[in-house]
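S.K.: Compact mmCIF, C-alpha atoms, file input_20.txt:
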# COMPACT_ATOMS: atom_id res chain seq x y z
CA ASP A 1 -75.90 178.76 101.56
CA THR A 2 -78.90 176.58 102.50
CA ARG A 3 -81.36 175.52 99.83
CA GLU A 4 -83.97 172.81 99.47
CA ILE A 5 -83.74 170.12 96.84
CA ILE A 6 -86.08 167.38 95.65
CA VAL A 7 -84.40 164.03 94.99
CA HIS A 8 -85.90 161.52 92.55
CA LEU A 9 -84.13 158.18 92.75
CA PRO A 10 -84.67 155.50 90.09
CA LYS A 11 -87.19 152.82 90.91
CA ASN A 12 -84.52 150.15 91.27
CA TYR A 13 -81.91 152.37 92.90
CA ASP A 14 -79.02 150.35 94.28
CA PRO A 15 -76.44 152.15 96.45
CA ASN A 16 -73.96 149.44 95.48
CA HIS A 17 -74.65 149.52 91.75
CA GLU A 18 -71.24 149.05 90.15
CA GLU A 19 -71.67 151.60 87.35
CA GLY A 20 -73.32 154.31 89.46
CA TYR A 21 -75.99 156.68 88.17
CA PRO A 22 -75.96 159.81 86.01
CA VAL A 23 -77.53 162.90 87.59
CA ILE A 24 -79.71 165.60 86.04
CA TYR A 25 -79.79 168.85 88.01
CA MET A 26 -82.92 170.85 87.22
CA LEU A 27 -83.80 174.42 88.14
CA ASP A 28 -87.31 175.44 89.23
CA ALA A 29 -88.04 172.27 91.20
CA GLY A 30 -91.69 171.23 90.99
CA SER A 31 -93.51 169.56 88.16
CA LYS A 32 -90.72 169.39 85.54
CA ASP A 33 -88.26 167.40 87.63
CA LYS A 34 -90.97 164.91 88.58
CA LEU A 35 -91.99 164.51 84.93
CA THR A 36 -88.34 164.12 83.90
CA ALA A 37 -87.82 161.35 86.46
CA GLU A 38 -90.94 159.52 85.28
CA ILE A 39 -89.97 159.77 81.60
CA ALA A 40 -86.41 158.66 82.39
CA SER A 41 -87.82 155.58 84.12
CA TYR A 42 -89.98 154.80 81.09
CA TYR A 43 -87.09 155.32 78.67
CA ASN A 44 -84.91 153.02 80.76
CA TRP A 45 -87.62 150.38 80.61
CA GLY A 46 -87.46 150.72 76.82
CA ASP A 47 -83.64 150.42 76.84
CA LEU A 48 -83.25 153.97 75.51
CA MET A 49 -81.11 155.26 78.36
CA PRO A 50 -79.66 154.25 81.74
CA GLU A 51 -81.40 154.73 85.07
CA LEU A 52 -80.60 158.11 86.54
CA ILE A 53 -81.07 160.42 89.51
CA VAL A 54 -82.97 163.70 89.09
CA ILE A 55 -82.27 166.58 91.46
CA GLY A 56 -84.71 169.50 91.51
CA LEU A 57 -83.37 172.73 93.00
CA LYS A 58 -86.10 174.75 94.71
CA ASN A 59 -86.28 178.49 94.16
CA VAL A 60 -85.54 181.03 96.87
CA SER A 61 -85.59 184.27 94.88
CA ARG A 62 -85.84 183.14 91.27
CA GLY A 63 -85.43 186.45 89.47
CA PHE A 64 -82.47 187.58 91.58
CA ASP A 65 -80.79 184.17 91.91
CA PHE A 66 -80.72 183.50 88.16
CA LEU A 67 -79.49 187.02 87.32
CA PRO A 68 -75.79 186.96 86.24
CA HIS A 69 -73.32 188.64 88.57
CA TYR A 70 -72.40 191.33 86.02
CA TYR A 71 -75.94 192.74 85.97
CA SER A 72 -77.66 194.68 88.72
CA GLU A 73 -81.31 195.34 89.57
CA GLU A 74 -83.21 197.16 92.26
CA PHE A 75 -83.85 194.75 95.11
CA GLU A 76 -85.61 195.82 98.32
CA GLY A 77 -84.97 199.46 97.52
CA LYS A 78 -81.26 199.06 96.69
CA GLN A 79 -79.31 198.45 93.49
CA VAL A 80 -77.64 195.07 93.90
CA GLU A 81 -75.67 192.69 91.71
CA GLY A 82 -77.30 189.52 90.47
CA ASN A 83 -76.87 186.43 92.62
CA GLY A 84 -76.05 184.17 89.66
CA GLY A 85 -72.37 183.84 90.50
CA LYS A 86 -73.13 182.83 94.08
CA LEU A 87 -75.78 180.33 92.98
CA LEU A 88 -73.40 178.76 90.48
CA ALA A 89 -70.70 178.53 93.16
CA TYR A 90 -73.21 176.86 95.50
CA ILE A 91 -74.10 174.30 92.82
CA GLU A 92 -70.43 173.55 92.12
CA ASN A 93 -69.00 173.62 95.63
CA GLU A 94 -71.90 172.44 97.80
CA LEU A 95 -74.74 170.80 95.88
CA ILE A 96 -72.82 168.51 93.52
CA PRO A 97 -70.38 167.32 96.25
CA PHE A 98 -73.32 166.67 98.59
CA VAL A 99 -75.14 164.59 95.98
CA ASN A 100 -71.97 162.67 95.09
CA THR A 101 -71.36 161.88 98.76
CA ARG A 102 -74.94 160.95 99.59
CA PHE A 103 -75.81 158.91 96.49
CA ASN A 104 -74.19 156.43 94.11
CA THR A 105 -73.30 158.72 91.20
CA ASN A 106 -70.95 158.14 88.26
CA GLY A 107 -69.84 161.66 87.35
CA ASN A 108 -72.11 162.04 84.30
CA ASP A 109 -73.86 165.27 85.31
CA VAL A 110 -76.42 167.29 83.34
CA PHE A 111 -77.71 170.82 83.98
CA ALA A 112 -81.18 171.74 82.70
CA GLY A 113 -83.18 174.96 82.78
CA HIS A 114 -86.22 176.48 81.08
CA SER A 115 -87.10 180.11 80.29
CA TRP A 116 -85.33 182.37 82.82
CA GLY A 117 -83.75 179.15 84.05
CA GLY A 118 -82.55 178.50 80.48
CA GLN A 119 -80.90 181.93 80.60
CA PHE A 120 -79.11 180.85 83.80
CA VAL A 121 -77.95 177.56 82.26
CA THR A 122 -76.51 179.61 79.37
CA TYR A 123 -74.75 181.81 81.93
CA ALA A 124 -73.38 178.68 83.65
CA LEU A 125 -72.09 177.43 80.29
CA SER A 126 -70.27 180.74 79.79
CA GLN A 127 -68.69 180.65 83.27
CA SER A 128 -68.00 176.95 83.91
CA PRO A 129 -68.36 175.02 80.63
CA GLY A 130 -66.72 171.88 82.00
CA LEU A 131 -68.73 171.69 85.20
CA PHE A 132 -71.38 169.48 83.57
CA ASP A 133 -71.16 166.79 80.90
CA ALA A 134 -74.27 168.18 79.22
CA TYR A 135 -76.34 171.38 79.22
CA PHE A 136 -80.04 171.33 78.33
CA ILE A 137 -81.30 174.84 77.48
CA THR A 138 -84.98 175.15 76.64
CA SER A 139 -86.77 178.38 75.67
CA PRO A 140 -84.08 180.65 77.16
CA SER A 141 -85.49 184.09 78.01
CA PHE A 142 -83.05 187.02 78.10
CA GLY A 143 -85.55 189.85 78.54
CA ASP A 144 -86.97 192.48 76.23
CA ASP A 145 -84.58 194.21 73.81
CA GLU A 146 -81.81 191.69 74.60
CA LYS A 147 -81.71 193.15 78.12
CA TRP A 148 -79.93 190.25 79.79
CA SER A 149 -78.16 188.67 76.80
CA LYS A 150 -75.39 191.06 75.72
CA LYS A 151 -72.85 190.39 78.46
CA THR A 152 -73.71 186.68 78.68
CA PHE A 153 -73.29 186.23 74.93
CA GLU A 154 -69.99 188.14 75.07
CA ALA A 155 -68.80 185.98 77.99
CA LEU A 156 -69.86 182.80 76.19
CA GLU A 157 -68.04 183.88 73.03
CA GLN A 158 -64.84 184.50 74.99
CA THR A 159 -65.15 181.15 76.76
CA LEU A 160 -65.69 179.29 73.50
CA LYS A 161 -62.72 181.05 71.89
CA GLN A 162 -60.41 180.16 74.78
CA GLY A 163 -60.77 176.43 74.22
CA GLN A 164 -61.54 175.54 77.81
CA ASP A 165 -62.78 172.21 79.16
CA PHE A 166 -66.10 171.78 77.37
CA PRO A 167 -69.13 169.56 77.96
CA ASP A 168 -69.77 166.57 75.74
CA PHE A 169 -73.25 167.68 74.71
CA ILE A 170 -75.37 170.84 74.43
CA TYR A 171 -79.08 170.84 73.64
CA LEU A 172 -80.97 174.03 72.75
CA SER A 173 -84.60 174.51 71.73
CA VAL A 174 -87.45 176.98 71.43
CA GLY A 175 -91.07 176.18 70.64
CA GLY A 176 -92.46 176.82 67.19
CA ASP A 177 -95.36 178.75 68.72
CA GLU A 178 -93.24 180.86 71.07
CA SER A 179 -92.85 184.63 70.82
CA PRO A 180 -90.68 186.28 68.15
CA ARG A 181 -88.42 187.58 70.93
CA LEU A 182 -87.68 184.09 72.28
CA GLN A 183 -87.18 182.74 68.79
CA SER A 184 -84.75 185.58 68.07
CA ASP A 185 -82.81 184.74 71.27
CA TYR A 186 -82.70 181.11 70.16
CA HIS A 187 -81.36 181.93 66.69
CA ARG A 188 -78.69 184.29 68.03
CA LEU A 189 -77.54 181.78 70.62
CA THR A 190 -77.53 178.94 68.08
CA ALA A 191 -75.40 180.98 65.67
CA LEU A 192 -72.93 181.89 68.42
CA ILE A 193 -72.51 178.31 69.63
CA LYS A 194 -72.17 176.91 66.11
CA GLN A 195 -69.54 179.49 65.21
CA TYR A 196 -67.18 178.78 68.08
CA LEU A 197 -67.99 175.38 69.61
CA PRO A 198 -65.29 172.73 69.09
CA GLU A 199 -66.24 169.99 66.65
CA GLU A 200 -65.92 167.26 69.27
CA VAL A 201 -68.82 168.71 71.27
CA GLU A 202 -72.22 167.38 70.19
CA PHE A 203 -74.61 170.31 69.65
CA TYR A 204 -78.27 169.62 68.90
CA HIS A 205 -80.73 172.45 68.35
CA GLU A 206 -84.34 172.40 67.22
CA ILE A 207 -87.69 174.18 67.10
CA PRO A 208 -90.41 171.67 68.06
CA HIS A 209 -93.49 172.15 65.91
CA ARG A 210 -96.49 173.74 67.71
CA ALA A 211 -94.70 173.82 71.07
CA ASN A 212 -95.45 176.91 73.17
CA HIS A 213 -93.52 178.36 76.08
CA THR A 214 -95.28 176.12 78.59
CA SER A 215 -95.05 172.88 76.65
CA ASN A 216 -91.62 173.19 75.08
CA GLY A 217 -89.71 172.10 78.17
CA ALA A 218 -91.84 168.98 78.57
CA ILE A 219 -91.31 168.16 74.89
CA SER A 220 -87.61 168.99 74.70
CA ILE A 221 -86.11 167.54 77.89
CA PRO A 222 -87.07 163.93 77.02
CA LYS A 223 -85.56 164.43 73.55
CA ALA A 224 -82.40 165.89 75.04
CA MET A 225 -82.06 162.99 77.48
CA GLN A 226 -82.46 160.42 74.75
CA LEU A 227 -79.89 162.14 72.51
CA HIS A 228 -77.32 162.75 75.23
CA PHE A 229 -77.39 159.32 76.80
CA ALA A 230 -77.40 157.59 73.43
CA THR A 231 -74.26 159.58 72.60
CA SER A 232 -72.57 158.93 75.95
CA GLN A 233 -73.41 155.20 75.84
CA ALA A 234 -71.99 154.94 72.31
CA ALA A 235 -68.84 156.78 73.43
CA GLY A 236 -68.53 154.46 76.42
Could the structure of this file be written out as structure tokens, please?
M.R.:
Amino acid sequence: DTREIIVHLPKNYDPNHEEGYPVIYMLDAGSKDKLTAEIASYYNWGDLMPELIVIGLKNVSRGFDFLPHYYSEEFEGKQVEGNGGKLLAYIENELIPFVNTRFNTNGNDVFAGHSWGGQFVTYALSQSPGLFDAYFITSPSFGDDEKWSKKTFEALEQTLKQGQDFPDFIYLSVGGDESPRLQSDYHRLTALIKQYLPEEVEFYHEIPHRANHTSNGAISIPKAMQLHFATSQAAG
């Protein structure tokens, strides 16, 4: 699989830096990954978190690529399975190894997605919970009438019950001014994670006041970064 990425290196990037750099992998490359890199730089200047690398993954066919493999939709006149499983395999087997080979990373990897991308990050958590050290899920959108949530929530429940290799940190949010449907998805997902997540995994969930669907990602990702890296630094 061939896909384009946008790489944001820290201002003082040093390929020989002894401790290496954490990496945040972000879906929907464009404005959010650039903003995340700029805020991370500012937070590092304020000693709130380490310098890090931000990788933005450009979309090819967003709707189809983020659709879990156990769902199907009509695509170019044919009923086809979602490409989510293939995209997740690409991230695990091609993208992460490429980044680790090309840049000075330290193995602290984060996966972040918003809206339909937040749905895909939830799917990734259900399929490969130990692939990333942290998952940032903002305003996850599962479709009208829980269209795309049932099987993902069932898969996530089974994964959580099985006691697999889990991430260190999960962040989940929805804006206070978002639609009732998205807030319902948030509450159902929060309840599921809280019920089954092992105690050693840090789980932070919130509803930022007055945040809408557009602004919630920009509000939440900086908060998630600060929380996660404060936790990981304390653990280290």
S.K.: Name the residues in contact with A:Ser179 at a cut-off of 10 Å, using all atoms listed in the file, excluding same-chain residues fewer than 6 positions from it; report them as a list in words.
M.R.: Ser139, Asn212 and His213 of chain A
S.K.: Which neighbours of A:Phe64 fall inside 7 Å, counting all atoms listed in the file, when residues of the same chain fewer than 3 positions from it are skipped, and could you give them as a JSON list (two decimals) with C-alpha atoms, in the coordinates of the input?
M.R.:
[["chain", "number", "residue", "atom", "x", "y", "z"],
["A", 61, "SER", "CA", -85.59, 184.27, 94.88],
["A", 67, "LEU", "CA", -79.49, 187.02, 87.32],
["A", 82, "GLY", "CA", -77.30, 189.52, 90.47],
["A", 83, "ASN", "CA", -76.87, 186.43, 92.62]]
S.K.: For a quick check of understanding, using all atoms listed in the file, which of A:Phe132, A:Tyr186, A:Tyr171, A:Phe66 has the smallest distance to A:Glu146?
M.R.: A:Tyr186
S.K.: I'd like the contact shell of A:Asn106 - 8 Å cut-off, only C-alpha atoms, skipping same-chain residues fewer than 2 positions apart - returned as a ChimeraX atom specification.
M.R.: /A:19-22,104,108
S.K.: Between atom CA of A:Phe136 and atom CA of A:Leu172, what is the distance in Å, rounded to a tenth?
M.R.: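 These atoms are spaced 6.3 Å apart.
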S.K.: Considering all atoms listed in the file, can you say which of A:Thr101, A:Asn59, A:Thr190, A:Asn93 comes closest to A:Thr122?
M.R.: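 Going through A:Thr101, A:Asn59, A:Thr190, A:Asn93 one by one, the smallest distance to A:Thr122 is for A:Thr190.
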S.K.: Need to verify the contact set: A:Lys161, 9 Å, all atoms listed in the file, exclusion of same-chain residues closer than 5 positions in sequence. Can you return it as a ChimeraX atom specification?
M.R.: /A:156,196-197
S.K.: Fewer than 2 positions away in the same chain doesn't count, so skip those; otherwise give me all residues within 10 Å of A:Lys34, counting only C-alpha atoms, as a PDB file with C-alpha atoms, in the coordinates of the input.
M.R.:
ATOM      1  CA  ILE A   6     -86.080 167.380  95.650  1.00  0.00           C
ATOM      2  CA  VAL A   7     -84.400 164.030  94.990  1.00  0.00           C
ATOM      3  CA  HIS A   8     -85.900 161.520  92.550  1.00  0.00           C
ATOM      4  CA  ALA A  29     -88.040 172.270  91.200  1.00  0.00           C
ATOM      5  CA  GLY A  30     -91.690 171.230  90.990  1.00  0.00           C
ATOM      6  CA  SER A  31     -93.510 169.560  88.160  1.00  0.00           C
ATOM      7  CA  LYS A  32     -90.720 169.390  85.540  1.00  0.00           C
ATOM      8  CA  THR A  36     -88.340 164.120  83.900  1.00  0.00           C
ATOM      9  CA  ALA A  37     -87.820 161.350  86.460  1.00  0.00           C
ATOM     10  CA  GLU A  38     -90.940 159.520  85.280  1.00  0.00           C
ATOM     11  CA  ILE A  39     -89.970 159.770  81.600  1.00  0.00           C
ATOM     12  CA  ALA A  40     -86.410 158.660  82.390  1.00  0.00           C
ATOM     13  CA  VAL A  54     -82.970 163.700  89.090  1.00  0.00           C
ATOM     14  CA  ILE A  55     -82.270 166.580  91.460  1.00  0.00           C
ATOM     15  CA  GLY A  56     -84.710 169.500  91.510  1.00  0.00           C
TER      16      GLY A  56
END
S.K.: With all atoms listed in the file as the basis for distance, which of A:Ile137, A:Leu27, A:Ile170, A:Ile193 is at the shortest distance from A:Ser220?
M.R.: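 Ranking A:Ile137, A:Leu27, A:Ile170, A:Ile193 by distance to A:Ser220, first place goes to A:Ile137.
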S.K.: Determine the nearest neighbour of A:Gly118 from the options A:Gly143, A:Gly46, A:Pro10, A:Pro208, counting only C-alpha atoms.
M.R.: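 Closest candidate: A:Gly143.
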S.K.: Between A:Ser149, A:Asn100, A:Ser115, A:Gln164, which residue has the minimum interatomic distance to A:Ser128, considering only C-alpha atoms?
M.R.: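 Of the candidates, the smallest distance to A:Ser128 is held by A:Gln164.
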S.K.: Just how far from atom CA of A:Tyr123 is atom CA of A:Phe153, in Å to one decimal?
M.R.: 8.4 Å
S.K.: Using Å and a single decimal, report how far atom CA of A:Lys223 sits from atom CA of A:Glu4.
M.R.: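 Interatomic distance here is 27.3 Å.
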S.K.: From the list A:His69, A:His228, A:Lys11, A:Arg3, which residue is nearest A:Asp168 when using only C-alpha atoms?
M.R.: A:His228
